[in-house]
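Pasting query_35.cif here (mmCIF, C-alpha atoms and all ligand atoms):
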data_protein
#
loop_
_atom_site.label_atom_id
_atom_site.label_comp_id
_atom_site.auth_asym_id
_atom_site.auth_seq_id
_atom_site.Cartn_x
_atom_site.Cartn_y
_atom_site.Cartn_z
CA MET A 1 -22.19 -12.98 -36.58
CA SER A 2 -25.77 -11.73 -36.07
CA ALA A 3 -26.67 -8.72 -33.89
CA VAL A 4 -28.22 -11.09 -31.36
CA ASN A 5 -25.08 -13.21 -31.11
CA LYS A 6 -22.92 -10.13 -30.47
CA GLU A 7 -24.94 -9.38 -27.34
CA ILE A 8 -24.59 -12.89 -25.91
CA LYS A 9 -21.62 -13.36 -23.66
CA ARG A 10 -20.79 -17.05 -23.65
CA VAL A 11 -19.98 -18.66 -20.32
CA THR A 12 -16.35 -19.76 -20.18
CA THR A 13 -14.12 -21.36 -17.54
CA HIS A 14 -12.78 -17.84 -16.82
CA ILE A 15 -16.27 -16.52 -16.21
CA LEU A 16 -17.02 -19.45 -13.86
CA GLN A 17 -13.80 -18.68 -11.98
CA LYS A 18 -14.78 -15.01 -11.71
CA MET A 19 -18.22 -15.99 -10.45
CA LYS A 20 -16.54 -17.81 -7.56
CA GLN A 21 -14.33 -14.79 -6.83
CA ASP A 22 -17.34 -12.44 -6.92
CA GLY A 23 -19.49 -14.76 -4.79
CA GLU A 24 -22.02 -15.22 -7.62
CA ARG A 25 -23.55 -18.71 -7.46
CA ILE A 26 -23.23 -20.95 -10.54
CA SER A 27 -26.44 -22.57 -11.86
CA MET A 28 -26.13 -25.95 -13.58
CA LEU A 29 -28.67 -28.48 -14.83
CA THR A 30 -28.39 -31.68 -16.79
CA ALA A 31 -29.67 -31.80 -20.38
CA TYR A 32 -29.69 -34.61 -22.91
CA ASP A 33 -31.59 -33.30 -25.93
CA PHE A 34 -31.96 -30.27 -28.20
CA SER A 35 -35.40 -29.03 -27.12
CA MET A 36 -34.81 -28.96 -23.37
CA ALA A 37 -31.30 -27.56 -23.77
CA ARG A 38 -32.74 -24.68 -25.81
CA ILE A 39 -35.19 -23.77 -23.04
CA PHE A 40 -32.53 -23.96 -20.31
CA ASP A 41 -30.09 -21.90 -22.37
CA ASP A 42 -32.74 -19.27 -23.22
CA ALA A 43 -33.64 -19.09 -19.51
CA GLY A 44 -30.01 -18.27 -18.68
CA ILE A 45 -28.55 -21.42 -17.12
CA ASP A 46 -24.76 -21.06 -16.70
CA VAL A 47 -23.68 -24.67 -17.25
CA LEU A 48 -25.40 -27.61 -18.93
CA LEU A 49 -24.15 -31.04 -17.99
CA VAL A 50 -24.72 -33.87 -20.43
CA GLY A 51 -24.59 -36.32 -17.55
CA ASP A 52 -24.22 -40.06 -17.78
CA SER A 53 -27.45 -39.97 -15.75
CA ALA A 54 -28.86 -40.19 -19.30
CA SER A 55 -28.35 -43.90 -18.72
CA ASN A 56 -31.03 -43.73 -15.99
CA VAL A 57 -33.44 -41.02 -17.06
CA MET A 58 -33.28 -41.36 -20.85
CA ALA A 59 -32.54 -45.06 -21.32
CA GLY A 60 -34.15 -46.55 -18.19
CA HIS A 61 -31.10 -48.38 -16.84
CA GLU A 62 -30.75 -48.92 -13.11
CA THR A 63 -27.24 -47.42 -13.03
CA THR A 64 -25.04 -45.11 -15.09
CA LEU A 65 -22.71 -47.96 -16.07
CA PRO A 66 -24.28 -49.17 -19.35
CA ILE A 67 -24.20 -45.91 -21.31
CA THR A 68 -21.55 -45.87 -24.06
CA LEU A 69 -19.26 -43.16 -25.38
CA ASP A 70 -21.17 -43.16 -28.70
CA GLN A 71 -24.47 -42.65 -26.85
CA MET A 72 -22.99 -39.79 -24.79
CA ILE A 73 -21.76 -38.20 -28.02
CA TYR A 74 -25.25 -38.44 -29.53
CA HIS A 75 -26.83 -36.69 -26.52
CA ALA A 76 -24.08 -34.08 -26.26
CA SER A 77 -24.16 -33.07 -29.91
CA SER A 78 -27.96 -32.58 -29.65
CA VAL A 79 -27.46 -30.30 -26.62
CA VAL A 80 -24.63 -28.30 -28.21
CA ARG A 81 -26.76 -27.56 -31.30
CA ALA A 82 -29.28 -25.82 -29.02
CA ILE A 83 -27.13 -23.49 -26.99
CA LYS A 84 -26.03 -19.90 -27.51
CA ARG A 85 -24.61 -19.00 -24.10
CA SER A 86 -24.25 -21.90 -21.65
CA PHE A 87 -21.02 -23.80 -21.01
CA VAL A 88 -21.57 -27.46 -21.97
CA VAL A 89 -19.79 -30.22 -20.02
CA VAL A 90 -20.03 -33.90 -20.97
CA ASP A 91 -19.47 -36.90 -18.69
CA LEU A 92 -16.81 -39.41 -19.67
CA PRO A 93 -18.88 -42.61 -19.32
CA PHE A 94 -17.87 -45.70 -17.37
CA GLY A 95 -15.31 -47.76 -19.28
CA SER A 96 -14.09 -44.90 -21.46
CA TYR A 97 -11.20 -43.73 -19.25
CA GLN A 98 -10.39 -46.21 -16.47
CA GLY A 99 -7.97 -48.28 -18.62
CA ASN A 100 -5.19 -45.70 -18.86
CA SER A 101 -4.60 -42.00 -19.48
CA LYS A 102 -4.19 -42.53 -23.25
CA GLU A 103 -7.65 -44.09 -23.45
CA ALA A 104 -9.03 -41.24 -21.31
CA LEU A 105 -7.50 -38.65 -23.64
CA SER A 106 -8.83 -40.31 -26.78
CA SER A 107 -12.35 -40.48 -25.25
CA ALA A 108 -12.15 -36.79 -24.28
CA ILE A 109 -10.94 -35.87 -27.76
CA ARG A 110 -13.81 -37.77 -29.39
CA ILE A 111 -16.28 -35.84 -27.23
CA MET A 112 -14.73 -32.47 -28.03
CA LYS A 113 -14.37 -33.16 -31.79
CA GLU A 114 -17.68 -34.89 -32.40
CA THR A 115 -19.98 -32.80 -30.18
CA GLY A 116 -18.57 -29.27 -30.00
CA ALA A 117 -18.89 -29.33 -26.20
CA HIS A 118 -16.68 -27.10 -24.05
CA GLY A 119 -15.32 -29.55 -21.49
CA ILE A 120 -15.59 -33.00 -19.94
CA LYS A 121 -16.38 -34.29 -16.44
CA ILE A 122 -14.66 -37.29 -14.92
CA GLU A 123 -15.35 -39.16 -11.66
CA GLY A 124 -12.60 -39.79 -9.12
CA GLY A 125 -9.51 -38.30 -7.46
CA GLU A 126 -5.97 -39.59 -7.05
CA GLU A 127 -6.63 -42.78 -9.06
CA ILE A 128 -7.47 -40.85 -12.25
CA ILE A 129 -5.13 -37.88 -11.80
CA GLU A 130 -2.77 -38.92 -14.64
CA SER A 131 -5.75 -38.97 -17.01
CA VAL A 132 -6.87 -35.55 -15.80
CA LYS A 133 -3.40 -34.10 -16.43
CA ARG A 134 -3.15 -35.67 -19.88
CA ILE A 135 -6.60 -34.43 -20.95
CA ILE A 136 -5.88 -30.90 -19.69
CA SER A 137 -2.48 -30.86 -21.41
CA ALA A 138 -4.36 -31.46 -24.68
CA GLY A 139 -6.31 -28.25 -24.01
CA VAL A 140 -9.55 -29.83 -22.83
CA PRO A 141 -11.17 -28.26 -19.73
CA VAL A 142 -11.85 -30.87 -17.03
CA MET A 143 -14.48 -30.80 -14.28
CA GLY A 144 -13.86 -33.25 -11.39
CA HIS A 145 -16.52 -35.21 -9.51
CA LEU A 146 -16.04 -36.37 -5.90
CA GLY A 147 -18.19 -37.72 -3.06
CA LEU A 148 -20.89 -40.05 -4.33
CA THR A 149 -19.57 -41.10 -7.73
CA PRO A 150 -22.36 -43.19 -9.31
CA GLN A 151 -20.02 -45.09 -11.65
CA SER A 152 -18.58 -46.77 -8.50
CA ILE A 153 -21.97 -47.72 -7.07
CA TYR A 154 -21.11 -51.41 -6.89
CA LYS A 155 -18.01 -50.56 -4.85
CA PHE A 156 -19.99 -48.34 -2.42
CA GLY A 157 -23.02 -50.67 -2.39
CA THR A 158 -25.36 -47.78 -1.52
CA TYR A 159 -26.41 -44.27 -2.61
CA ALA A 160 -26.11 -43.02 1.00
CA VAL A 161 -24.32 -39.78 1.96
CA ARG A 162 -20.52 -40.10 1.47
CA ALA A 163 -17.58 -38.94 3.57
CA THR A 164 -19.36 -38.82 6.91
CA GLU A 165 -16.28 -40.48 8.49
CA ASP A 166 -13.17 -38.42 9.06
CA ALA A 167 -10.82 -40.59 6.96
CA GLU A 168 -13.03 -40.39 3.86
CA ALA A 169 -13.57 -36.66 4.37
CA ARG A 170 -9.76 -36.06 4.58
CA LYS A 171 -9.25 -38.12 1.40
CA LEU A 172 -11.96 -36.13 -0.38
CA ILE A 173 -10.25 -32.83 0.54
CA ALA A 174 -6.87 -34.21 -0.59
CA ASP A 175 -8.40 -35.41 -3.89
CA ALA A 176 -10.03 -32.02 -4.47
CA LYS A 177 -6.66 -30.29 -4.00
CA LEU A 178 -4.99 -32.77 -6.37
CA LEU A 179 -7.63 -32.10 -9.03
CA GLN A 180 -7.13 -28.36 -8.64
CA GLU A 181 -3.33 -28.72 -8.89
CA ALA A 182 -3.76 -30.87 -12.00
CA GLY A 183 -5.67 -27.97 -13.58
CA ALA A 184 -9.36 -28.92 -13.20
CA PHE A 185 -11.57 -25.82 -13.65
CA ALA A 186 -14.33 -26.94 -11.23
CA ILE A 187 -15.39 -29.90 -9.11
CA VAL A 188 -18.83 -31.44 -8.58
CA LEU A 189 -19.39 -32.57 -4.98
CA GLU A 190 -22.17 -35.12 -4.71
CA LYS A 191 -24.06 -36.08 -1.54
CA ILE A 192 -21.64 -35.11 1.20
CA PRO A 193 -22.23 -33.28 4.51
CA ALA A 194 -22.78 -29.51 4.11
CA GLN A 195 -19.90 -28.79 6.51
CA LEU A 196 -17.50 -30.78 4.30
CA GLY A 197 -18.83 -28.98 1.21
CA LYS A 198 -17.95 -25.71 2.97
CA GLU A 199 -14.46 -26.90 3.91
CA VAL A 200 -13.65 -28.06 0.38
CA THR A 201 -15.03 -24.85 -1.12
CA GLU A 202 -12.91 -22.71 1.21
CA ALA A 203 -9.80 -24.80 0.54
CA LEU A 204 -10.02 -24.34 -3.25
CA THR A 205 -9.66 -21.41 -5.61
CA ILE A 206 -11.68 -23.21 -8.33
CA PRO A 207 -15.50 -23.41 -8.06
CA THR A 208 -17.29 -26.31 -6.37
CA ILE A 209 -20.72 -27.29 -7.65
CA GLY A 210 -22.87 -29.31 -5.30
CA ILE A 211 -25.64 -31.83 -5.61
CA GLY A 212 -26.65 -32.63 -2.06
CA ALA A 213 -23.52 -30.86 -0.77
CA GLY A 214 -25.23 -28.03 1.10
CA LYS A 215 -25.46 -24.28 0.64
CA HIS A 216 -21.83 -23.21 1.03
CA VAL A 217 -20.58 -24.55 -2.32
CA ASP A 218 -20.11 -22.19 -5.27
CA GLY A 219 -22.93 -23.56 -7.41
CA GLN A 220 -25.71 -26.13 -7.59
CA VAL A 221 -26.53 -28.86 -10.08
CA LEU A 222 -29.65 -31.01 -10.34
CA VAL A 223 -30.89 -33.60 -12.79
CA MET A 224 -33.45 -32.12 -15.17
CA HIS A 225 -36.03 -34.88 -14.68
CA ASP A 226 -35.93 -34.39 -10.89
CA VAL A 227 -36.27 -30.60 -11.00
CA LEU A 228 -39.20 -30.78 -13.41
CA GLY A 229 -40.96 -33.59 -11.53
CA ILE A 230 -40.82 -36.07 -14.40
CA ASN A 231 -39.54 -38.64 -11.89
CA LYS A 232 -42.20 -39.17 -9.26
CA GLU A 233 -40.49 -41.71 -7.04
CA PHE A 234 -37.07 -40.08 -6.58
CA LYS A 235 -37.35 -37.82 -3.53
CA PRO A 236 -33.95 -37.29 -1.91
CA ARG A 237 -33.70 -34.63 0.78
CA PHE A 238 -31.48 -32.40 -1.39
CA LEU A 239 -34.02 -32.15 -4.23
CA ARG A 240 -36.26 -29.13 -4.78
CA ARG A 241 -38.96 -29.75 -7.40
CA TYR A 242 -40.10 -26.77 -9.46
CA LEU A 243 -42.80 -28.56 -11.48
CA ASN A 244 -44.81 -31.77 -11.36
CA LEU A 245 -44.57 -32.60 -15.03
CA TYR A 246 -45.39 -36.27 -14.52
CA ASP A 247 -48.91 -35.33 -13.40
CA ASP A 248 -49.33 -32.64 -16.07
CA ILE A 249 -48.19 -34.94 -18.89
CA TYR A 250 -50.27 -37.82 -17.54
CA LYS A 251 -53.43 -35.68 -17.49
CA ALA A 252 -52.72 -34.16 -20.92
CA THR A 253 -52.23 -37.66 -22.37
CA GLN A 254 -55.54 -38.80 -20.89
CA ARG A 255 -57.32 -35.77 -22.37
CA TYR A 256 -55.77 -36.47 -25.79
CA ILE A 257 -56.86 -40.13 -25.68
CA HIS A 258 -60.36 -39.03 -24.64
CA ASP A 259 -60.59 -36.53 -27.51
CA VAL A 260 -59.33 -39.04 -30.12
CA LYS A 261 -61.63 -41.83 -28.97
CA GLY A 262 -64.61 -39.45 -28.71
CA ARG A 263 -63.92 -38.12 -32.25
CA ASP A 264 -63.56 -34.62 -30.82
CA PHE A 265 -60.02 -34.31 -32.24
CA PRO A 266 -59.48 -33.15 -34.94
CA ASN A 267 -62.37 -30.70 -35.27
CA ASP A 268 -63.26 -28.75 -38.43
CA ASN A 269 -60.59 -26.07 -37.75
CA GLU A 270 -57.89 -28.67 -37.21
CA GLN A 271 -58.08 -30.28 -40.65
CA TYR A 272 -57.23 -29.32 -44.28
O1 LIG B 1 -24.65 -37.61 -14.55
C1 LIG B 1 -25.10 -36.70 -13.83
O2 LIG B 1 -26.25 -36.28 -13.96
C2 LIG B 1 -24.22 -36.13 -12.82
C3 LIG B 1 -24.82 -35.19 -11.84
C4 LIG B 1 -25.56 -35.94 -10.83
C5 LIG B 1 -23.82 -34.28 -11.25
O3 LIG B 1 -23.07 -36.45 -12.77
#

Structure encoded using structure tokens:
Amino acid sequence: MSAVNKEIKRVTTHILQKMKQDGERISMLTAYDFSMARIFDDAGIDVLLVGDSASNVMAGHETTLPITLDQMIYHASSVVRAIKRSFVVVDLPFGSYQGNSKEALSSAIRIMKETGAHGIKIEGGEEIIESVKRIISAGVPVMGHLGLTPQSIYKFGTYAVRATEDAEARKLIADAKLLQEAGAFAIVLEKIPAQLGKEVTEALTIPTIGIGAGKHVDGQVLVMHDVLGINKEFKPRFLRRYLNLYDDIYKATQRYIHDVKGRDFPNDNEQY
């Protein structure tokens, strides 16, 4: 091990648990490729999620449903090769776990074996709890995902805020407790009222990580393309943009085209 590696304390499920206990917020971003994962890891992100949002932002699909297990493995192994410190979680894609808990376990095992990631994320509560237990009993850390679960978009019919009605909110709290009892190490809460995010967070000993779940959850996650402003059209209320890369890349591309067409690039110093 190099001197540099000795100094790096890798993020683990125990560290994430301690962060909740100490009141230190957990930072999480999605990543799908080596180069971006390296920057996020160097900058000190705690958790990198290889989300099935790759289906939208990398492949251009309308939903997360089309992405395959093989494609998730390709993205995840690229991310894992880049990181020195962050904890890497990979989404089980639609169709890779709903059949039964045996199928779920074999998908999780493929991800762990073929990518070197540190855990998997799975959407749903009570209906997938047997799969969660089976995956955890094989030694694979599991992150839950409740609230707006994009793999069920055709059941919901809309990307609107979830669990605004009491019955759905009670079910979400019950599902969160079930996931914790089954051994999940953390739960993503997507697009739910801030007050419900607070209630769930206070009811659990494991960390909650929100995306549009308000400020009382234990950590925050956003999609890389949204944070960096690569997507121009997507402007949900919960999003804070830190860059406007679409505009920067657009302008840089126009300058490059101008320089090539005008025979300004390459100049004498830029050739052999
Ligand atoms: O796939 C994804 O990017 C996600 C986040 C929205 C949490 O699941």

Selection as a ChimeraX atom specification: residues within 10 Å of ligand LIG 1 (chain B) by only C-alpha atoms and all ligand atoms: /A:28-32,49-57,64,90-93,121-123,144-146,148-151,187-191,209-212,220-225

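Of the listed residues A:Gly99, A:Pro266, A:Gly219, A:Gly116, the one whose atoms come nearest to A:Ile45 is A:Gly219, with distances taken using only C-alpha atoms.
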
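With distances restricted to all atoms listed in the file, A:Ala203 is the closest residue to A:Leu172 from A:Ile39, A:Ala203, A:Val142, A:Ile111.
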
One-decimal distance in Å that lies between atom CA of A:Glu7 and atom CA of A:Ala82: 17.1 Å

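The closest residue to A:Gly147, picked from A:Leu196, A:Ala108, A:Ile73, A:Ala117 and counting only C-alpha atoms, is A:Leu196.
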
Two-atom distance - atom CA of A:Tyr242, atom CA of A:Leu228 (Å): 5.7 Å

Spatial sel., origin (-25.8, -35.8, 4.1), limit 8 Å, only C-alpha atoms, listed as a PyMOL selection string: chain A and resi 160-162+164+191-194+212-213

Convert the current residue selection to file output with C-alpha atoms, as a PDB file, in the coordinates of the input.
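Here's the written file selection.pdb:
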ATOM      1  CA  ALA A 160     -26.110 -43.020   1.000  1.00  0.00           C
ATOM      2  CA  VAL A 161     -24.320 -39.780   1.960  1.00  0.00           C
ATOM      3  CA  ARG A 162     -20.520 -40.100   1.470  1.00  0.00           C
ATOM      4  CA  THR A 164     -19.360 -38.820   6.910  1.00  0.00           C
ATOM      5  CA  LYS A 191     -24.060 -36.080  -1.540  1.00  0.00           C
ATOM      6  CA  ILE A 192     -21.640 -35.110   1.200  1.00  0.00           C
ATOM      7  CA  PRO A 193     -22.230 -33.280   4.510  1.00  0.00           C
ATOM      8  CA  ALA A 194     -22.780 -29.510   4.110  1.00  0.00           C
ATOM      9  CA  GLY A 212     -26.650 -32.630  -2.060  1.00  0.00           C
ATOM     10  CA  ALA A 213     -23.520 -30.860  -0.770  1.00  0.00           C
TER      11      ALA A 213
END

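Atom to atom, atom CA of A:Gly44 and atom CA of A:Arg85 stand 7.7 Å apart.
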
List as a PDB file with C-alpha atoms, in the frame of the given file the protein and nucleic acid residues near A:Gly183, meaning an atom at most 12 Å away when all atoms listed in the file are counted, but skip any in the same chain fewer than 4 places from it.
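Output file selection_16.pdb follows:
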ATOM      1  CA  THR A  13     -14.120 -21.360 -17.540  1.00  0.00           C
ATOM      2  CA  ILE A 129      -5.130 -37.880 -11.800  1.00  0.00           C
ATOM      3  CA  GLU A 130      -2.770 -38.920 -14.640  1.00  0.00           C
ATOM      4  CA  SER A 131      -5.750 -38.970 -17.010  1.00  0.00           C
ATOM      5  CA  VAL A 132      -6.870 -35.550 -15.800  1.00  0.00           C
ATOM      6  CA  LYS A 133      -3.400 -34.100 -16.430  1.00  0.00           C
ATOM      7  CA  ARG A 134      -3.150 -35.670 -19.880  1.00  0.00           C
ATOM      8  CA  ILE A 135      -6.600 -34.430 -20.950  1.00  0.00           C
ATOM      9  CA  ILE A 136      -5.880 -30.900 -19.690  1.00  0.00           C
ATOM     10  CA  SER A 137      -2.480 -30.860 -21.410  1.00  0.00           C
ATOM     11  CA  ALA A 138      -4.360 -31.460 -24.680  1.00  0.00           C
ATOM     12  CA  GLY A 139      -6.310 -28.250 -24.010  1.00  0.00           C
ATOM     13  CA  VAL A 140      -9.550 -29.830 -22.830  1.00  0.00           C
ATOM     14  CA  PRO A 141     -11.170 -28.260 -19.730  1.00  0.00           C
ATOM     15  CA  VAL A 142     -11.850 -30.870 -17.030  1.00  0.00           C
ATOM     16  CA  MET A 143     -14.480 -30.800 -14.280  1.00  0.00           C
ATOM     17  CA  GLY A 144     -13.860 -33.250 -11.390  1.00  0.00           C
ATOM     18  CA  ALA A 176     -10.030 -32.020  -4.470  1.00  0.00           C
ATOM     19  CA  LYS A 177      -6.660 -30.290  -4.000  1.00  0.00           C
ATOM     20  CA  LEU A 178      -4.990 -32.770  -6.370  1.00  0.00           C
ATOM     21  CA  LEU A 179      -7.630 -32.100  -9.030  1.00  0.00           C
ATOM     22  CA  ILE A 187     -15.390 -29.900  -9.110  1.00  0.00           C
ATOM     23  CA  LEU A 204     -10.020 -24.340  -3.250  1.00  0.00           C
ATOM     24  CA  THR A 205      -9.660 -21.410  -5.610  1.00  0.00           C
ATOM     25  CA  ILE A 206     -11.680 -23.210  -8.330  1.00  0.00           C
TER      26      ILE A 206
END

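The neighbours of A:Val79 here are the residues that come within 6 Å of it, using all atoms listed in the file and leaving out any residue fewer than 6 positions away in the same chain; they are Asp33, Phe34 and Ala37 of chain A.
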
Option closest in space to A:Met72, from A:Ser86, A:Asn244, A:Ser35, A:Thr115 [counting all atoms listed in the file]: A:Thr115

Axis-aligned box for stretch 252-256 of chain A, 6 Å per side, centre and edges in Å as AutoDock Vina command-line options:
--center_x -54.8 --center_y -36.5 --center_z -23.3 --size_x 17.1 --size_y 16.6 --size_z 16.9

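Ranking A:Val88, A:Ala76, A:Ile120, A:Ile128 by their shortest atom-to-atom distance to A:Lys102, with all atoms listed in the file included, puts A:Ile128 first.
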
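Among the candidate residues A:Thr158, A:Val200, A:Asn267, A:Gln195, the one lying nearest to A:Asp175 is A:Val200, with distances computed using only C-alpha atoms.
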
Could stretch 103-193 of chain A be written out with C-alpha atoms, as a PDB file, in the first residue's frame, please?
ATOM      1  CA  GLU A 103     -32.939 -13.711  -8.845  1.00  0.00           C
ATOM      2  CA  ALA A 104     -32.363 -10.603  -6.707  1.00  0.00           C
ATOM      3  CA  LEU A 105     -29.444 -12.274  -4.931  1.00  0.00           C
ATOM      4  CA  SER A 106     -27.822 -13.450  -8.149  1.00  0.00           C
ATOM      5  CA  SER A 107     -28.108  -9.914  -9.631  1.00  0.00           C
ATOM      6  CA  ALA A 108     -26.572  -8.420  -6.473  1.00  0.00           C
ATOM      7  CA  ILE A 109     -23.762 -10.981  -6.537  1.00  0.00           C
ATOM      8  CA  ARG A 110     -22.990 -10.202 -10.189  1.00  0.00           C
ATOM      9  CA  ILE A 111     -22.710  -6.504  -9.306  1.00  0.00           C
ATOM     10  CA  MET A 112     -20.426  -7.125  -6.338  1.00  0.00           C
ATOM     11  CA  LYS A 113     -18.200  -9.655  -8.161  1.00  0.00           C
ATOM     12  CA  GLU A 114     -17.947  -7.929 -11.525  1.00  0.00           C
ATOM     13  CA  THR A 115     -17.654  -4.285 -10.408  1.00  0.00           C
ATOM     14  CA  GLY A 116     -15.960  -4.221  -7.001  1.00  0.00           C
ATOM     15  CA  ALA A 117     -18.705  -1.916  -5.679  1.00  0.00           C
ATOM     16  CA  HIS A 118     -19.483  -1.796  -1.960  1.00  0.00           C
ATOM     17  CA  GLY A 119     -23.255  -2.215  -1.907  1.00  0.00           C
ATOM     18  CA  ILE A 120     -26.473  -2.213  -3.910  1.00  0.00           C
ATOM     19  CA  LYS A 121     -29.632  -0.092  -3.863  1.00  0.00           C
ATOM     20  CA  ILE A 122     -33.082  -1.521  -4.436  1.00  0.00           C
ATOM     21  CA  GLU A 123     -36.456   0.226  -4.845  1.00  0.00           C
ATOM     22  CA  GLY A 124     -39.450  -0.735  -2.713  1.00  0.00           C
ATOM     23  CA  GLY A 125     -40.567  -1.794   0.769  1.00  0.00           C
ATOM     24  CA  GLU A 126     -42.622  -4.732   2.001  1.00  0.00           C
ATOM     25  CA  GLU A 127     -42.957  -6.278  -1.476  1.00  0.00           C
ATOM     26  CA  ILE A 128     -39.183  -6.773  -1.858  1.00  0.00           C
ATOM     27  CA  ILE A 129     -38.290  -7.455   1.779  1.00  0.00           C
ATOM     28  CA  GLU A 130     -37.479 -11.158   1.205  1.00  0.00           C
ATOM     29  CA  SER A 131     -34.980 -10.134  -1.475  1.00  0.00           C
ATOM     30  CA  VAL A 132     -33.432  -7.557   0.850  1.00  0.00           C
ATOM     31  CA  LYS A 133     -32.987 -10.170   3.589  1.00  0.00           C
ATOM     32  CA  ARG A 134     -31.504 -12.721   1.189  1.00  0.00           C
ATOM     33  CA  ILE A 135     -29.025 -10.227  -0.286  1.00  0.00           C
ATOM     34  CA  ILE A 136     -27.941  -9.033   3.169  1.00  0.00           C
ATOM     35  CA  SER A 137     -27.559 -12.612   4.409  1.00  0.00           C
ATOM     36  CA  ALA A 138     -25.031 -13.101   1.596  1.00  0.00           C
ATOM     37  CA  GLY A 139     -23.001 -10.237   3.074  1.00  0.00           C
ATOM     38  CA  VAL A 140     -23.986  -7.540   0.592  1.00  0.00           C
ATOM     39  CA  PRO A 141     -24.843  -4.106   2.070  1.00  0.00           C
ATOM     40  CA  VAL A 142     -28.276  -2.907   0.910  1.00  0.00           C
ATOM     41  CA  MET A 143     -29.552   0.663   0.596  1.00  0.00           C
ATOM     42  CA  GLY A 144     -33.366   1.008   0.358  1.00  0.00           C
ATOM     43  CA  HIS A 145     -35.258   3.507  -1.784  1.00  0.00           C
ATOM     44  CA  LEU A 146     -38.763   4.746  -0.887  1.00  0.00           C
ATOM     45  CA  GLY A 147     -41.109   7.556  -1.907  1.00  0.00           C
ATOM     46  CA  LEU A 148     -40.921   8.269  -5.618  1.00  0.00           C
ATOM     47  CA  THR A 149     -39.433   5.073  -7.019  1.00  0.00           C
ATOM     48  CA  PRO A 150     -38.826   5.758 -10.730  1.00  0.00           C
ATOM     49  CA  GLN A 151     -38.922   2.073 -11.735  1.00  0.00           C
ATOM     50  CA  SER A 152     -42.663   2.148 -10.852  1.00  0.00           C
ATOM     51  CA  ILE A 153     -43.403   5.290 -12.859  1.00  0.00           C
ATOM     52  CA  TYR A 154     -46.070   3.589 -14.960  1.00  0.00           C
ATOM     53  CA  LYS A 155     -47.863   2.530 -11.767  1.00  0.00           C
ATOM     54  CA  PHE A 156     -47.728   6.079 -10.300  1.00  0.00           C
ATOM     55  CA  GLY A 157     -48.399   7.753 -13.669  1.00  0.00           C
ATOM     56  CA  THR A 158     -46.611  10.938 -12.555  1.00  0.00           C
ATOM     57  CA  TYR A 159     -43.338  12.231 -11.066  1.00  0.00           C
ATOM     58  CA  ALA A 160     -45.292  14.348  -8.535  1.00  0.00           C
ATOM     59  CA  VAL A 161     -44.446  14.450  -4.801  1.00  0.00           C
ATOM     60  CA  ARG A 162     -45.306  11.118  -3.091  1.00  0.00           C
ATOM     61  CA  ALA A 163     -46.902  10.317   0.254  1.00  0.00           C
ATOM     62  CA  THR A 164     -48.807  13.559   0.693  1.00  0.00           C
ATOM     63  CA  GLU A 165     -51.830  11.506   1.876  1.00  0.00           C
ATOM     64  CA  ASP A 166     -51.787  10.011   5.342  1.00  0.00           C
ATOM     65  CA  ALA A 167     -52.228   6.366   4.253  1.00  0.00           C
ATOM     66  CA  GLU A 168     -49.238   6.469   1.890  1.00  0.00           C
ATOM     67  CA  ALA A 169     -47.144   8.312   4.479  1.00  0.00           C
ATOM     68  CA  ARG A 170     -47.937   5.628   7.137  1.00  0.00           C
ATOM     69  CA  LYS A 171     -47.026   2.872   4.646  1.00  0.00           C
ATOM     70  CA  LEU A 172     -43.757   4.630   3.841  1.00  0.00           C
ATOM     71  CA  ILE A 173     -42.828   4.801   7.544  1.00  0.00           C
ATOM     72  CA  ALA A 174     -43.756   1.119   7.998  1.00  0.00           C
ATOM     73  CA  ASP A 175     -41.679   0.157   4.927  1.00  0.00           C
ATOM     74  CA  ALA A 176     -38.701   2.154   6.218  1.00  0.00           C
ATOM     75  CA  LYS A 177     -38.868   0.300   9.549  1.00  0.00           C
ATOM     76  CA  LEU A 178     -39.121  -3.051   7.735  1.00  0.00           C
ATOM     77  CA  LEU A 179     -36.043  -2.233   5.653  1.00  0.00           C
ATOM     78  CA  GLN A 180     -34.128  -1.270   8.788  1.00  0.00           C
ATOM     79  CA  GLU A 181     -35.189  -4.486  10.570  1.00  0.00           C
ATOM     80  CA  ALA A 182     -34.131  -6.499   7.510  1.00  0.00           C
ATOM     81  CA  GLY A 183     -30.653  -4.978   7.874  1.00  0.00           C
ATOM     82  CA  ALA A 184     -30.535  -2.182   5.271  1.00  0.00           C
ATOM     83  CA  PHE A 185     -27.683   0.247   6.071  1.00  0.00           C
ATOM     84  CA  ALA A 186     -29.412   3.384   4.697  1.00  0.00           C
ATOM     85  CA  ILE A 187     -32.540   4.468   2.832  1.00  0.00           C
ATOM     86  CA  VAL A 188     -32.972   6.972  -0.003  1.00  0.00           C
ATOM     87  CA  LEU A 189     -36.168   9.020   0.341  1.00  0.00           C
ATOM     88  CA  GLU A 190     -37.216  10.569  -2.953  1.00  0.00           C
ATOM     89  CA  LYS A 191     -39.637  13.471  -3.418  1.00  0.00           C
ATOM     90  CA  ILE A 192     -41.688  13.366  -0.238  1.00  0.00           C
ATOM     91  CA  PRO A 193     -42.820  16.191   2.086  1.00  0.00           C
TER      92      PRO A 193
END
